[in-house]
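Have a look at the structure below before the remarks.
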Amino acid sequence: SEDKLKEVISHAKEYGYVFPSSEIYDGLSATYDYGQLGVELKNNIKKYWWSAMVQMNDEIVGLDAAIFMHPKTWKASGHTEAFNDPMIDNKDSKKRYRADVLVEEFIEKYREKIAKDVEKGKKRFGDDFDVEQFLATNPNVKRNQAKIDELEAKLETVFQSGDLTQLKAMIDDLGIACPVSGSKNWTEVRQFNLMFSTELGSVADDSSTIYLRPETAQGIFVNFLNVQKTGRMKIPFGIAQIGKAFRNEIVARQFIFRMREFEQMEMQYFVRPGEELKWYEHWKEKRNKWHKALGLGEEFYRDHDHIQLAHYANAASDIEFDFPMGFKELEGIHSRTDFDLKAHEEHSGKKLQFFDPELKKSYVPYVVETSVGLDRMFLAVFSASLKNETLEDGSERVVLSIPPALAPYKVAVMPLTKKGCLPEKAMEIIDELKFDFNCQYDEKDSIGKRYRRQDAIGTPFHVTVDHQTLEDNTVTIRDRDTMKQDRVAIADLHSIIEEKVSL
Ligand code: ATP
């Protein structure tokens, strides 16, 4: 809900996770800075992705390509011509929307109706309720499903034709109203190119116009042969990259979900032509597992298979996440065919082929891509972890139950008081642990307040040094999630923490 999103935004700011960019100048829209804790969480997400993709897969290697690329790159990829969003303005509210998204959201309402009917049935009939049977036979469901099919088919035809007047007609015919003003007074639909341009060098003419990359993928495609040859890679193999991308998003709202400067974690997997759908299924499953292994809860995820395919794709699916604004795309898995490599062959005049020793022939490989937004991943982890809990004694606490492996600090070490060498002892413990874990020293306020603060920033372990520690080298260790405290030997801390923070 909107309230939940507000809570997330204010918590992220209050605890140094995310700040509005250049805030002292009132911020810059759809741009954000990651603070002292945000950068740690972001780096940990990158590590989690990189180890799962590059370290754990012998046939996948990394790359770090430049953000600036030769302008012909974007001609070949189609971005110069076709990286547009169809936008429509409401004349009364003066708000601008993606026209296709307006229609999709309209269709979504029918899906919600079906979901509600199913919920009702479950409540009424409990275990006896046969969902499949209900979906196939209930007249309400059938009517709503027919409407969904009809509208989706229509949207598909509109996309195929690329005729924007048809999209506008659809919005008018369906009587779609502006979400803000409720008005149905729309402008025509117009295309906006999403690439940022700038000039290379000092002379501004057409030939010097270059772009900030709108996706990291093209840096991988143009380096396909460099990596394949120097890495002696055999198909199938993959190239992975984490890096910034820039899009002049027209409708830039919803915090770090849709930014103008953001980061992508992409992997392009090069395969034999004809085998791409097998690998597409393989990666769809693998990427789903990767997300779910974090333990945020399976109910946060769903697959959304595309019916409307981009011009370069022969299969595509999104892994959607239940963000505070509802289910939205977190990651895309696309079977991109040989579209990109063929286009680069054509525009560069260079062959981008692989000689397959088993088949004894050369070909342009097909590509299966997995592409996840780092900032969206951040928002997913952060929003699903932020909880208000009512405790047994009736008091409340805010806890950020970030998966321990991703938490910025793994352990907070606190002296019970500032007296009697307790701070020195706490620092000694940190000096032992800090080579392997990011630790925080905290001596301000009462111990109860410090616990609450560590709960709120998501630190999984809280170690307290007291007078007994000086006698027998034991400490209390408190678990963020259960709030249980145990007395343990300092010598055991490392293995206790290690067990929980490794994935
Ligand atoms: P959307 O439909 O939400 O605009 P997209 O389909 O254009 O996304 P892709 O081009 O497939 O997105 O990009 C791959 C991934 O990059 C997305 O799944 C998303 O996680 C991330 N991403 C795309 N645009 C943005 C943005 N403006 N801000 C943050 N992350 C983004």
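Starting from 1 in every chain, residues are counted up; chains themselves are A, B, ... following the order of the structure tokens, and ligands are numbered from 1 as listed.
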| request: Do a neighbour search on Leu309 of chain A at 12 Å with only C-alpha atoms, toss out local chain neighbours closer than 4 positions, and write the hits as a PyMOL selection string. | output: chain A and resi 155-157+159-160+305+313-318+333-337
Atoms kept (C-alpha atoms) for selection, written as a PDB file, in the first residue's frame:
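Output saved as again.pdb:
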ATOM      1  CA  LEU A 155      -3.342  -5.088 -26.850  1.00  0.00           C
ATOM      2  CA  GLU A 156      -1.165  -7.580 -28.672  1.00  0.00           C
ATOM      3  CA  THR A 157      -2.582  -6.507 -32.058  1.00  0.00           C
ATOM      4  CA  PHE A 159       1.610  -3.638 -30.270  1.00  0.00           C
ATOM      5  CA  GLN A 160       2.145  -5.621 -33.456  1.00  0.00           C
ATOM      6  CA  ASP A 305       5.126 -15.022 -18.881  1.00  0.00           C
ATOM      7  CA  ALA A 313      12.629 -12.189 -28.281  1.00  0.00           C
ATOM      8  CA  ASN A 314      11.027 -15.597 -28.835  1.00  0.00           C
ATOM      9  CA  ALA A 315      10.199 -16.165 -25.159  1.00  0.00           C
ATOM     10  CA  ALA A 316      10.199 -13.884 -22.131  1.00  0.00           C
ATOM     11  CA  SER A 317       9.139 -14.015 -18.538  1.00  0.00           C
ATOM     12  CA  ASP A 318       9.369 -11.714 -15.542  1.00  0.00           C
ATOM     13  CA  ILE A 333      14.467 -13.655 -18.387  1.00  0.00           C
ATOM     14  CA  HIS A 334      14.545 -13.304 -22.145  1.00  0.00           C
ATOM     15  CA  SER A 335      15.302 -15.589 -25.021  1.00  0.00           C
ATOM     16  CA  ARG A 336      16.793 -12.941 -27.348  1.00  0.00           C
ATOM     17  CA  THR A 337      17.509 -15.235 -30.323  1.00  0.00           C
TER      18      THR A 337
END
| Contacts of segment 162-168 of chain A within 8 Å, only C-alpha atoms, excl. fewer than 4 positions in-chain, as a PyMOL selection string | chain A and resi 86+99-100+155+158+172+188-190
The selected residues should be written to file as an mmCIF file, in the first residue's frame (atoms: C-alpha atoms).
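The resulting file, part39.cif, is reproduced below:
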data_model
loop_
_atom_site.group_PDB
_atom_site.id
_atom_site.type_symbol
_atom_site.label_atom_id
_atom_site.label_comp_id
_atom_site.auth_asym_id
_atom_site.auth_seq_id
_atom_site.Cartn_x
_atom_site.Cartn_y
_atom_site.Cartn_z
ATOM 1 C CA PRO A 86 4.099 5.329 -25.535
ATOM 2 C CA ALA A 99 -0.414 4.335 -22.172
ATOM 3 C CA ASP A 100 0.189 0.589 -22.327
ATOM 4 C CA LEU A 155 -3.342 -5.088 -26.850
ATOM 5 C CA VAL A 158 -2.017 -2.868 -31.162
ATOM 6 C CA ASP A 172 -11.096 5.800 -24.690
ATOM 7 C CA GLU A 188 -2.983 11.606 -28.115
ATOM 8 C CA VAL A 189 -0.390 8.916 -27.394
ATOM 9 C CA ARG A 190 3.181 9.987 -28.191
#
| task | Could you give me, as a PyMOL selection string, every polymer residue with an atom at most 8 Å away from an atom of ligand 1, counting only C-alpha atoms and all ligand atoms? | result | chain A and resi 215+246-249+252+256-266+318+328-333+371-377
Just to be explicit: take each residue in the selection above, keep N, CA and C atoms, and write the result as a tab-separated table (two decimals), in the first residue's frame.
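Contents of again-v9.tsv, freshly written:
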chain	number	residue	atom	x	y	z
A	215	GLU	N	21.12	0.00	-21.07
A	215	GLU	CA	21.17	-1.37	-20.53
A	215	GLU	C	22.61	-1.83	-20.60
A	246	PHE	N	21.13	3.95	-17.65
A	246	PHE	CA	20.44	5.24	-17.54
A	246	PHE	C	19.23	5.26	-18.47
A	247	ARG	N	18.10	5.67	-17.93
A	247	ARG	CA	16.92	5.82	-18.79
A	247	ARG	C	16.17	7.07	-18.36
A	248	ASN	N	15.81	7.85	-19.35
A	248	ASN	CA	15.08	9.07	-19.04
A	248	ASN	C	13.60	8.73	-18.85
A	249	GLU	N	13.34	7.99	-17.78
A	249	GLU	CA	11.98	7.51	-17.52
A	249	GLU	C	11.04	8.71	-17.42
A	252	ALA	N	8.53	8.61	-13.51
A	252	ALA	CA	9.53	8.13	-12.56
A	252	ALA	C	9.00	8.36	-11.15
A	256	ILE	N	13.03	3.85	-5.28
A	256	ILE	CA	14.11	3.29	-6.09
A	256	ILE	C	13.63	2.22	-7.06
A	257	PHE	N	12.31	2.01	-7.16
A	257	PHE	CA	11.80	1.03	-8.12
A	257	PHE	C	12.05	1.49	-9.55
A	258	ARG	N	11.80	2.77	-9.81
A	258	ARG	CA	12.01	3.28	-11.17
A	258	ARG	C	12.86	4.54	-11.09
A	259	MET	N	14.13	4.38	-11.43
A	259	MET	CA	15.05	5.50	-11.34
A	259	MET	C	15.57	5.88	-12.72
A	260	ARG	N	16.16	7.06	-12.80
A	260	ARG	CA	16.75	7.47	-14.08
A	260	ARG	C	18.19	6.99	-14.18
A	261	GLU	N	18.83	6.79	-13.06
A	261	GLU	CA	20.16	6.18	-13.02
A	261	GLU	C	20.05	4.99	-12.10
A	262	PHE	N	20.33	3.79	-12.62
A	262	PHE	CA	20.15	2.60	-11.79
A	262	PHE	C	21.21	1.57	-12.15
A	263	GLU	N	21.18	0.45	-11.44
A	263	GLU	CA	22.18	-0.58	-11.72
A	263	GLU	C	21.52	-1.88	-12.12
A	264	GLN	N	22.13	-2.54	-13.08
A	264	GLN	CA	21.61	-3.84	-13.53
A	264	GLN	C	22.63	-4.93	-13.25
A	265	MET	N	22.14	-6.14	-13.02
A	265	MET	CA	23.00	-7.32	-12.93
A	265	MET	C	22.51	-8.24	-14.04
A	266	GLU	N	23.30	-8.31	-15.10
A	266	GLU	CA	22.84	-9.05	-16.29
A	266	GLU	C	23.80	-10.18	-16.64
A	318	ASP	N	8.88	-12.53	-16.65
A	318	ASP	CA	9.37	-11.71	-15.54
A	318	ASP	C	9.21	-12.49	-14.25
A	328	LYS	N	5.26	-6.41	-9.09
A	328	LYS	CA	5.88	-5.72	-10.22
A	328	LYS	C	7.17	-6.44	-10.61
A	329	GLU	N	7.63	-6.14	-11.84
A	329	GLU	CA	8.83	-6.82	-12.35
A	329	GLU	C	10.07	-6.56	-11.50
A	330	LEU	N	10.73	-7.67	-11.15
A	330	LEU	CA	11.99	-7.60	-10.45
A	330	LEU	C	13.12	-8.02	-11.38
A	331	GLU	N	12.86	-9.08	-12.15
A	331	GLU	CA	13.89	-9.61	-13.04
A	331	GLU	C	13.24	-10.07	-14.34
A	332	GLY	N	13.96	-9.89	-15.45
A	332	GLY	CA	13.46	-10.38	-16.73
A	332	GLY	C	14.34	-11.52	-17.22
A	333	ILE	N	13.72	-12.58	-17.73
A	333	ILE	CA	14.47	-13.65	-18.39
A	333	ILE	C	13.99	-13.69	-19.82
A	371	SER	N	18.21	-10.65	-16.40
A	371	SER	CA	18.50	-9.25	-16.11
A	371	SER	C	17.71	-8.79	-14.89
A	372	VAL	N	18.45	-8.50	-13.82
A	372	VAL	CA	17.77	-8.10	-12.59
A	372	VAL	C	18.27	-6.71	-12.18
A	373	GLY	N	17.34	-5.87	-11.75
A	373	GLY	CA	17.69	-4.54	-11.28
A	373	GLY	C	18.22	-4.61	-9.86
A	374	LEU	N	19.44	-4.12	-9.65
A	374	LEU	CA	20.04	-4.16	-8.32
A	374	LEU	C	19.22	-3.32	-7.34
A	375	ASP	N	18.76	-2.17	-7.79
A	375	ASP	CA	17.99	-1.29	-6.90
A	375	ASP	C	16.63	-1.89	-6.58
A	376	ARG	N	16.06	-2.59	-7.55
A	376	ARG	CA	14.77	-3.25	-7.29
A	376	ARG	C	14.95	-4.40	-6.32
A	377	MET	N	16.10	-5.08	-6.46
A	377	MET	CA	16.42	-6.18	-5.53
A	377	MET	C	16.57	-5.61	-4.12
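Distances from A:His311, A:Lys244, A:Lys418, A:Lys449 to Ala82 of chain A were compared using only C-alpha atoms, and the smallest one belongs to A:His311.
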| field | Surrounding residues of Ala407 of chain A excluding itself and chain neighbours under 6 positions, 7 Å, only C-alpha atoms, as an MDAnalysis selection string | value | chainID A and resid 41 458:459
| said: Using DSSP assignments from the backbone, pull out every residue in segment 25-255 of chain A that falls under strand (DSSP E or B) and give it to me as a PyMOL selection string. | reply: chain A and resi 32-34+60-62+68+84-90+96-98+186-193+197-199+209-212+237-246
Please produce a file of the residues just selected, as a compact mmCIF listing (two decimals), in the first residue's frame, where the atoms kept are N, CA and C atoms.
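The file below, selection.txt, is the result:
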# COMPACT_ATOMS: atom_id res chain seq x y z
N TYR A 32 18.62 8.70 -6.49
CA TYR A 32 18.82 8.48 -5.06
C TYR A 32 20.26 8.14 -4.75
N ASP A 33 20.67 8.44 -3.53
CA ASP A 33 22.01 8.10 -3.06
C ASP A 33 21.89 7.04 -1.98
N TYR A 34 22.82 6.10 -2.00
CA TYR A 34 22.82 5.06 -0.97
C TYR A 34 23.75 5.47 0.16
N ILE A 60 30.64 -19.47 -16.78
CA ILE A 60 30.24 -18.06 -16.82
C ILE A 60 31.38 -17.20 -16.30
N VAL A 61 31.71 -16.17 -17.06
CA VAL A 61 32.78 -15.26 -16.65
C VAL A 61 32.25 -13.84 -16.59
N GLY A 62 33.01 -12.97 -15.95
CA GLY A 62 32.56 -11.59 -15.74
C GLY A 62 33.09 -10.62 -16.78
N PHE A 68 29.92 4.47 -21.77
CA PHE A 68 29.85 5.06 -23.12
C PHE A 68 30.18 3.99 -24.15
N ASN A 84 11.40 3.53 -27.13
CA ASN A 84 10.42 4.56 -26.80
C ASN A 84 9.35 3.99 -25.91
N ASP A 85 8.79 4.85 -25.11
CA ASP A 85 7.60 4.46 -24.36
C ASP A 85 6.43 5.26 -24.90
N PRO A 86 5.29 4.59 -25.09
CA PRO A 86 4.10 5.33 -25.53
C PRO A 86 3.47 6.06 -24.35
N MET A 87 3.49 7.39 -24.38
CA MET A 87 3.01 8.17 -23.25
C MET A 87 1.72 8.89 -23.59
N ILE A 88 0.92 9.08 -22.56
CA ILE A 88 -0.33 9.81 -22.75
C ILE A 88 -0.50 10.78 -21.56
N ASP A 89 -0.98 11.99 -21.83
CA ASP A 89 -1.18 12.96 -20.75
C ASP A 89 -2.66 13.11 -20.46
N ASN A 90 -2.97 13.28 -19.19
CA ASN A 90 -4.34 13.62 -18.85
C ASN A 90 -4.46 15.14 -18.85
N ARG A 96 1.28 12.54 -16.56
CA ARG A 96 1.68 11.75 -17.72
C ARG A 96 1.78 10.27 -17.34
N TYR A 97 1.28 9.40 -18.19
CA TYR A 97 1.28 7.96 -17.91
C TYR A 97 1.79 7.18 -19.11
N ARG A 98 2.28 5.97 -18.84
CA ARG A 98 2.56 5.04 -19.94
C ARG A 98 1.22 4.50 -20.38
N TRP A 186 -8.10 12.65 -22.28
CA TRP A 186 -6.71 12.29 -22.61
C TRP A 186 -6.20 12.98 -23.87
N THR A 187 -4.88 13.19 -23.93
CA THR A 187 -4.24 13.66 -25.17
C THR A 187 -4.03 12.46 -26.09
N GLU A 188 -3.42 12.71 -27.25
CA GLU A 188 -2.98 11.61 -28.12
C GLU A 188 -1.85 10.86 -27.41
N VAL A 189 -1.54 9.65 -27.92
CA VAL A 189 -0.39 8.92 -27.39
C VAL A 189 0.85 9.30 -28.19
N ARG A 190 1.94 9.62 -27.50
CA ARG A 190 3.18 9.99 -28.19
C ARG A 190 4.36 9.16 -27.69
N GLN A 191 5.36 9.01 -28.56
CA GLN A 191 6.54 8.21 -28.19
C GLN A 191 7.64 9.10 -27.61
N PHE A 192 8.28 8.64 -26.54
CA PHE A 192 9.43 9.36 -25.97
C PHE A 192 10.64 8.45 -25.96
N ASN A 193 11.76 8.93 -26.52
CA ASN A 193 12.97 8.11 -26.45
C ASN A 193 13.58 8.24 -25.07
N SER A 197 21.44 11.64 -23.97
CA SER A 197 22.55 11.85 -24.90
C SER A 197 23.47 12.93 -24.36
N THR A 198 24.69 12.91 -24.85
CA THR A 198 25.65 13.96 -24.51
C THR A 198 26.65 14.06 -25.66
N GLU A 199 27.57 15.04 -25.59
CA GLU A 199 28.52 15.20 -26.69
C GLU A 199 29.90 14.72 -26.29
N THR A 209 27.44 12.90 -31.07
CA THR A 209 26.44 12.56 -30.06
C THR A 209 26.63 11.13 -29.58
N ILE A 210 26.80 11.00 -28.26
CA ILE A 210 26.86 9.64 -27.71
C ILE A 210 25.82 9.53 -26.60
N TYR A 211 25.59 8.28 -26.17
CA TYR A 211 24.51 8.03 -25.21
C TYR A 211 25.04 7.38 -23.95
N LEU A 212 24.35 7.63 -22.87
CA LEU A 212 24.61 6.83 -21.66
C LEU A 212 23.87 5.52 -21.88
N PHE A 237 28.13 -20.86 -22.98
CA PHE A 237 28.84 -20.14 -21.94
C PHE A 237 28.16 -18.79 -21.71
N GLY A 238 28.49 -18.18 -20.57
CA GLY A 238 27.82 -16.93 -20.24
C GLY A 238 28.80 -15.83 -19.86
N ILE A 239 28.36 -14.58 -20.04
CA ILE A 239 29.12 -13.41 -19.59
C ILE A 239 28.21 -12.60 -18.67
N ALA A 240 28.76 -12.29 -17.48
CA ALA A 240 27.96 -11.59 -16.48
C ALA A 240 28.54 -10.21 -16.22
N GLN A 241 27.65 -9.27 -15.92
CA GLN A 241 28.12 -7.92 -15.67
C GLN A 241 27.18 -7.19 -14.70
N ILE A 242 27.79 -6.40 -13.83
CA ILE A 242 27.01 -5.51 -12.96
C ILE A 242 27.41 -4.09 -13.31
N GLY A 243 26.44 -3.23 -13.57
CA GLY A 243 26.83 -1.86 -13.90
C GLY A 243 25.66 -0.92 -14.02
N LYS A 244 26.01 0.36 -14.11
CA LYS A 244 24.97 1.39 -14.19
C LYS A 244 24.32 1.43 -15.56
N ALA A 245 23.05 1.78 -15.56
CA ALA A 245 22.32 2.03 -16.80
C ALA A 245 21.48 3.28 -16.57
N PHE A 246 21.13 3.95 -17.65
CA PHE A 246 20.44 5.24 -17.54
C PHE A 246 19.23 5.26 -18.47
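With only C-alpha atoms as the atoms that count, the minimum distance from Thr370 of chain A to the choices A:Glu285, A:Asp481, A:Glu7, A:Glu424 is reached by A:Glu285.
Our summary of the geometry notes that atom CA of Ala76 of chain A is positioned 18.5 Å from atom CA of Phe270 of chain A.
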